[in-house]
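Everything on this sheet refers to the single structure shown next.
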Protein chains: 2
Amino acid sequence: MSTDIGDAVASPSVETLDRLRRIVGAKGVIDDPRDMEPYLVEWRGFWRGPAALVLRPVSTQEVSDIVKVCAEAGIGIVPQGGNTGLSGGGIPFEHDRVVLLNLGRMNNVRKVDALNYTIEVEAGCVLAEVQRAADAADRLFPLSLAAEGSCQIGGNLSTNAGGTAVLRYGNARDLALGLEVVLPDGQVWNGLRSLRKDNTGYDLKDLFIGAEGTLGIITAAVLKLFPKPRDRRTALAALPNVDATIRLLDRARAATGDQVTTFEYMPRICIDLVLEHVAGAADPFSRAFGHYVLIELTSSAENAALGEALENLLAAAIEDGLIVDAVVAQSETQIKALWKLREALAEAQKHAGASIRHDVSVPVSRVPDFVREASRRVDAHLPGARIVGFGHIGDGNVHFNVMQPPGSDSAAFLKRWSEINDIVHRCVAEFSGSISAEHGIGRLKRDELPKYKSATELALMRRIKAALDPSGIMNPGKVIQP
Amino acid sequence: MSTDIGDAVASPSVETLDRLRRIVGAKGVIDDPRDMEPYLVEWRGFWRGPAALVLRPVSTQEVSDIVKVCAEAGIGIVPQGGNTGLSGGGIPFEHDRVVLLNLGRMNNVRKVDALNYTIEVEAGCVLAEVQRAADAADRLFPLSLAAEGSCQIGGNLSTNAGGTAVLRYGNARDLALGLEVVLPDGQVWNGLRSLRKDNTGYDLKDLFIGAEGTLGIITAAVLKLFPKPRDRRTALAALPNVDATIRLLDRARAATGDQVTTFEYMPRICIDLVLEHVAGAADPFSRAFGHYVLIELTSSAENAALGEALENLLAAAIEDGLIVDAVVAQSETQIKALWKLREALAEAQKHAGASIRHDVSVPVSRVPDFVREASRRVDAHLPGARIVGFGHIGDGNVHFNVMQPPGSDSAAFLKRWSEINDIVHRCVAEFSGSISAEHGIGRLKRDELPKYKSATELALMRRIKAALDPSGIMNPGKVIQP
């Protein structure tokens, strides 16, 4: 039915590759196969794709020049940030007639405007560096996620990254005021506005955010900053059931003046996995409970009385049976210990065997029913599989992972990936949810998309792709089939 | 150079008009010229435009059927909400081969999901009704603006409306989680998601928001709700200069834990105008000051101690010379009296003579320099003109209005509209600002746009318009020339 994506791009000639080399100079080219390898392999080893060259430009001008040459020659371009994505969007796919364009050398913080609460950064800035630059100006850049030490802000924007503070501050999309983008014909769109209000025509910025490099290459951005938190209170609450988590969240938002920054759900199996596989982790309670929520309140006010608000919230919730026990961290060390239970979960799962993963969301009010129903269906289909469904429940985002039954064969289990995907994703669709809450589509879910999007929506997406990238050279094969 | 927009649309035949009448039935058609008039004239009388019919559908299906007939016959469609816009986007323009499609009968609140903090509404719901429905569910829908008693949510979304709570809650765009849109070919795009996180492809929703009906017709939306405020503190502060306002805002955000909902700037002339022209307004201070800010803090927490936070903020600011005096409202009556000074400003200006208006924004940090420089230039060009530059300074949004010199001729003054626009808008551009912060482009600023947008950006907008509405039937002549 659809055109083979390979048709759209041509094999680079030696002359074209030479032109590309000259644009970036010797420091900007990687062509030794061994040196290229880290750019061509997904960090977990899930995917590998070939490329004619790895290019590492240092400026928007160089990116523009590269794209112009590629557009002229019909060469595909795979943009890549820190190569920490979870859907394979930054790895070449389906054919080898592409160059890989890594943004890592474009890593300048261009400007901090503290009074405007904004920072202008290049795409290759590592997220943690953006956080640090904000902090140095007595501001907060709130985007925070596991890969923050190596992921790049350009990738965060291109995938509309989420993380653990979305409930309070929004996704990457909500944090971007302006963009600079190199378009598929090599023109530079300077949309680097640092305005809170601007109603002058179509919202182009949000088209590029979350497009995973298929409509253009984000080279810089103006990001929103916030007052730096001065008060932070963290607690782990044990709850009788999943329904109680949602009701607790509702109360917490109201009772604290919406100062809930983190609200992470973990069923008991998460605690068990971390205690078993991660050194230094400890259960703060003396007995096991079925369900847990990690709650963090923050405020930029010095005397925000968050401690009191948290204690009152928890006391009232215990009285009403919404929670059965709770510990409030009394020191920075205790805060870290509680966070460790959540943060070490990815590592713990790796040690515990193979997992079939789902990054899904449903309306917050429907999370409990969704978790129950999806678990029931998976269990009926694959008895013994362990459900590890945890995550950013405050955003309705559940990382619904299915672990191999204890003692079973990993390889045989993983062969059932798409079969289990179908069960979980169909259930998500019935609950009006999303099959990719925060990890994007990339190559991993491209062929899932048509199962869950209407023909009308897919056609709209294709029209936009065709309008902006008629030759199909931008990140070919990702997000949507042409 | 550009195609005459009139070419794109054909004159409706009697048969076509009959088909349209049948879709909506007798209650949905207005064809008596006297009854049509209120829909064809801008509410202030600034613009009038003819239409073959006024259609008032009651359902998405009817809208879809209308658009299909119009698409087939090549008839232009002007969508209209409450007809309260300030840029003429909802009034026919440039030719008479259009039907006017008023959404006012599609006014159902479809669903409130309190635990998900969302509400699903049809486009024709009056903003105040949406606020009331949220309130009835113990929630807040924070969009708030002068026309809220008659503007409709579909229009608010189509123009990405702002208002007095943007600083805290964002523009209309930030408040929409999902949309239902009738596309230019009559297909219905059901994007009515109520998810906080959804990274499954291009962000179509934000293309339609702020597009002023030129890409499709928004028929319904899922909107974000928030915990209802339980504590509210309001003060009027007098400041020595505009610079102090920005520094006060910075402190207020940090000191209150970002609970500043309103931060409205008024120079002395605003207070003078209101005192002179509006009955019942009173100056809460015993002497005049140069600059004022209306500050409001709100919190959903019962014991948020906002009063204390506000008193401390003001006391410290007085000590440091950032403010010279302040009054804190001690009752609901006093809150209303302070708000009256801000809210009666539009009315006061009308009584005081003709104004050449500018709805502009610059980075918050640059507001003081912008206001000084733009005032200097206008004064040099038109000595005696009074600058009434006030507004949502917390968002960098200044309503920079130029009032006729006292005793001068109104009509002669208004003839200088575009001359004064040029001076102010050029200054805005030099300060990296926007020539339409919150009122949109419509017909008022369509021909201004090419002066301030890059050719690259205009071309991108045209490509998107052409991709989604190739026949150019959606709100012809608005926002961008084809």
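By order of appearance in the structure tokens: chains A, B, ..., then residues from 1 within every chain, and ligands from 1 in the order shown.
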
Tell me, as an mmCIF file with N, CA and C atoms, in the first residue's frame, which residues lie within 8 Å of Gly394 of chain B, counting only C-alpha atoms; anything in the same chain fewer than 5 positions away does not count.
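After the write, selection.cif holds the following:
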```cif
data_model
loop_
_atom_site.group_PDB
_atom_site.id
_atom_site.type_symbol
_atom_site.label_atom_id
_atom_site.label_comp_id
_atom_site.auth_asym_id
_atom_site.auth_seq_id
_atom_site.Cartn_x
_atom_site.Cartn_y
_atom_site.Cartn_z
ATOM 1 N N LEU B 167 -0.622 34.490 33.692
ATOM 2 C CA LEU B 167 0.603 34.366 34.479
ATOM 3 C C LEU B 167 0.619 33.063 35.265
ATOM 4 N N ILE B 246 8.585 45.063 37.504
ATOM 5 C CA ILE B 246 9.158 43.773 37.089
ATOM 6 C C ILE B 246 9.930 43.132 38.230
ATOM 7 N N LEU B 249 7.422 41.736 40.668
ATOM 8 C CA LEU B 249 6.859 40.480 40.174
ATOM 9 C C LEU B 249 7.796 39.316 40.471
ATOM 10 N N THR B 262 -2.713 37.182 39.430
ATOM 11 C CA THR B 262 -2.903 38.414 38.669
ATOM 12 C C THR B 262 -1.801 39.404 39.007
ATOM 13 N N PHE B 263 -1.292 40.058 37.975
ATOM 14 C CA PHE B 263 -0.285 41.098 38.191
ATOM 15 C C PHE B 263 -0.476 42.112 37.067
ATOM 16 N N GLU B 264 -1.361 43.081 37.329
ATOM 17 C CA GLU B 264 -1.792 44.013 36.285
ATOM 18 C C GLU B 264 -1.212 45.401 36.534
ATOM 19 N N VAL B 364 9.290 39.929 29.463
ATOM 20 C CA VAL B 364 8.917 40.628 30.702
ATOM 21 C C VAL B 364 10.046 41.558 31.163
#
```

query: Could you pull the residues within 6 Å of segment 295-305 of chain A, counting only C-alpha atoms, minus those fewer than 2 positions along the same chain, as JSON, numbers by chain?
result: {"A": [227, 228, 229, 230, 231, 232, 233, 234, 235, 259, 260, 261, 262, 263, 307, 308], "B": [254, 255, 256, 257]}

- request: Would you kindly return, as a VMD selection string, each protein, DNA or RNA residue with an atom no farther than 10 Å from any atom of Val67 of chain A, considering only C-alpha atoms and excluding same-chain residues fewer than 5 positions away?
  value: chain A and resid 20 61 to 62 72 to 77 101 182 to 187 216 to 217 473 to 474

With C-alpha atoms kept, could you save the residues just selected as an mmCIF file, in the first residue's frame?
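Below is the file part21.cif, written as the result:
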```cif
data_model
loop_
_atom_site.group_PDB
_atom_site.id
_atom_site.type_symbol
_atom_site.label_atom_id
_atom_site.label_comp_id
_atom_site.auth_asym_id
_atom_site.auth_seq_id
_atom_site.Cartn_x
_atom_site.Cartn_y
_atom_site.Cartn_z
ATOM 1 C CA LEU A 20 29.340 17.238 3.735
ATOM 2 C CA GLN A 61 24.798 27.426 9.893
ATOM 3 C CA GLU A 62 26.579 24.100 9.549
ATOM 4 C CA GLU A 72 19.794 18.561 -3.139
ATOM 5 C CA ALA A 73 21.206 15.033 -3.270
ATOM 6 C CA GLY A 74 18.129 13.351 -1.781
ATOM 7 C CA ILE A 75 20.011 11.952 1.209
ATOM 8 C CA GLY A 76 18.121 11.050 4.355
ATOM 9 C CA ILE A 77 19.141 12.642 7.657
ATOM 10 C CA LEU A 101 23.511 14.147 12.348
ATOM 11 C CA VAL A 182 16.500 23.909 10.335
ATOM 12 C CA LEU A 183 13.769 22.985 7.874
ATOM 13 C CA PRO A 184 13.958 20.072 5.415
ATOM 14 C CA ASP A 185 15.138 22.420 2.651
ATOM 15 C CA GLY A 186 17.926 23.823 4.797
ATOM 16 C CA GLN A 187 16.278 27.146 5.586
ATOM 17 C CA GLY A 216 12.970 19.509 10.748
ATOM 18 C CA ILE A 217 15.926 19.701 13.112
ATOM 19 C CA ILE A 473 14.517 13.134 3.863
ATOM 20 C CA MET A 474 13.946 13.977 7.530
#
```

- prompt: Smallest atom-to-atom distance to Asp18 of chain B: which of B:Trp43, B:Leu449, B:Leu55, B:Arg196, using only C-alpha atoms?
  reply: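 With only C-alpha atoms as the atom set, the closest residue is B:Leu55.
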
- request: Give me the residues within 7 Å of segment 423-425 of chain A as a list in words, counting only C-alpha atoms and dropping any in the same chain fewer than 5 places off.
  value: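 Skipping anything fewer than 5 positions along the chain leaves Ala374, Val378 and Ile435 of chain A.
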
If we count only C-alpha atoms, what is near Gly82 of chain A at a cut-off of 10 Å, once residues fewer than 2 positions away on the same chain are taken out, given as a compact mmCIF listing (two decimals) with N, CA and C atoms, in the first residue's frame?
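Done, and the output landed in part.txt:
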```
# COMPACT_ATOMS: atom_id res chain seq x y z
N TYR A 39 27.09 5.67 17.77
CA TYR A 39 26.00 6.51 17.26
C TYR A 39 24.94 5.70 16.52
N TRP A 43 21.20 2.55 22.80
CA TRP A 43 22.00 2.37 24.01
C TRP A 43 21.77 1.05 24.72
N GLN A 80 20.14 13.19 15.89
CA GLN A 80 20.33 12.44 17.14
C GLN A 80 20.83 13.37 18.24
N THR A 84 19.56 8.51 24.03
CA THR A 84 19.01 7.87 25.23
C THR A 84 17.53 7.53 25.05
N GLY A 85 17.01 7.75 23.85
CA GLY A 85 15.59 7.52 23.59
C GLY A 85 15.20 6.07 23.79
N GLY A 90 16.28 7.89 17.18
CA GLY A 90 17.56 8.48 16.79
C GLY A 90 18.51 7.52 16.08
N ASN A 102 24.51 14.25 14.54
CA ASN A 102 24.49 14.32 16.00
C ASN A 102 24.70 15.75 16.45
N LEU A 103 23.82 16.22 17.35
CA LEU A 103 23.83 17.63 17.74
C LEU A 103 24.73 17.92 18.93
N GLY A 104 25.45 16.93 19.42
CA GLY A 104 26.15 17.04 20.70
C GLY A 104 27.17 18.16 20.82
N GLY A 124 22.17 20.69 21.61
CA GLY A 124 23.05 19.66 22.14
C GLY A 124 23.38 19.80 23.62
N CYS A 125 22.82 20.79 24.30
CA CYS A 125 23.05 20.92 25.75
C CYS A 125 22.47 19.71 26.46
N VAL A 126 23.27 19.13 27.33
CA VAL A 126 22.78 18.03 28.15
C VAL A 126 21.77 18.59 29.15
N LEU A 127 20.69 17.86 29.38
CA LEU A 127 19.62 18.36 30.25
C LEU A 127 20.15 18.82 31.60
N ALA A 147 17.50 9.93 32.44
CA ALA A 147 18.67 10.08 31.57
C ALA A 147 19.24 11.49 31.60
N GLU A 148 18.88 12.31 32.58
CA GLU A 148 19.22 13.74 32.50
C GLU A 148 20.71 14.02 32.44
N GLY A 149 21.53 13.10 32.87
CA GLY A 149 22.98 13.30 32.81
C GLY A 149 23.55 13.12 31.42
N SER A 150 22.77 12.56 30.49
CA SER A 150 23.32 12.38 29.14
C SER A 150 22.34 12.75 28.01
N CYS A 151 21.05 12.80 28.29
CA CYS A 151 20.13 13.19 27.22
C CYS A 151 20.32 14.67 26.91
N GLN A 152 19.93 15.07 25.69
CA GLN A 152 20.12 16.46 25.27
C GLN A 152 18.76 17.14 25.10
N ILE A 153 18.78 18.44 25.30
CA ILE A 153 17.52 19.18 25.32
C ILE A 153 16.83 19.13 23.95
N GLY A 154 17.63 19.08 22.87
CA GLY A 154 17.02 18.97 21.53
C GLY A 154 16.23 17.68 21.39
N GLY A 155 16.79 16.61 21.94
CA GLY A 155 16.08 15.33 21.93
C GLY A 155 14.87 15.37 22.85
N ASN A 156 15.03 16.01 24.00
CA ASN A 156 13.89 16.15 24.93
C ASN A 156 12.72 16.86 24.25
```

field: Polymer residues at most 12 Å from Leu100 of chain A, only C-alpha atoms, same-chain spacing of 2 or more positions, as an MDAnalysis selection string
entry: chainID A and resid 20 28:31 36:41 49:57 63 66:67 70 75:81 83 89:93 96:98 102:104 213 473:476

query: Looking at A:Leu382, A:Ala244, A:Phe413, A:Arg366, which one is nearest to Asn116 of chain B, with distances taken over only C-alpha atoms?
result: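 Ranked by minimum distance to Asn116 of chain B, first place goes to A:Arg366.
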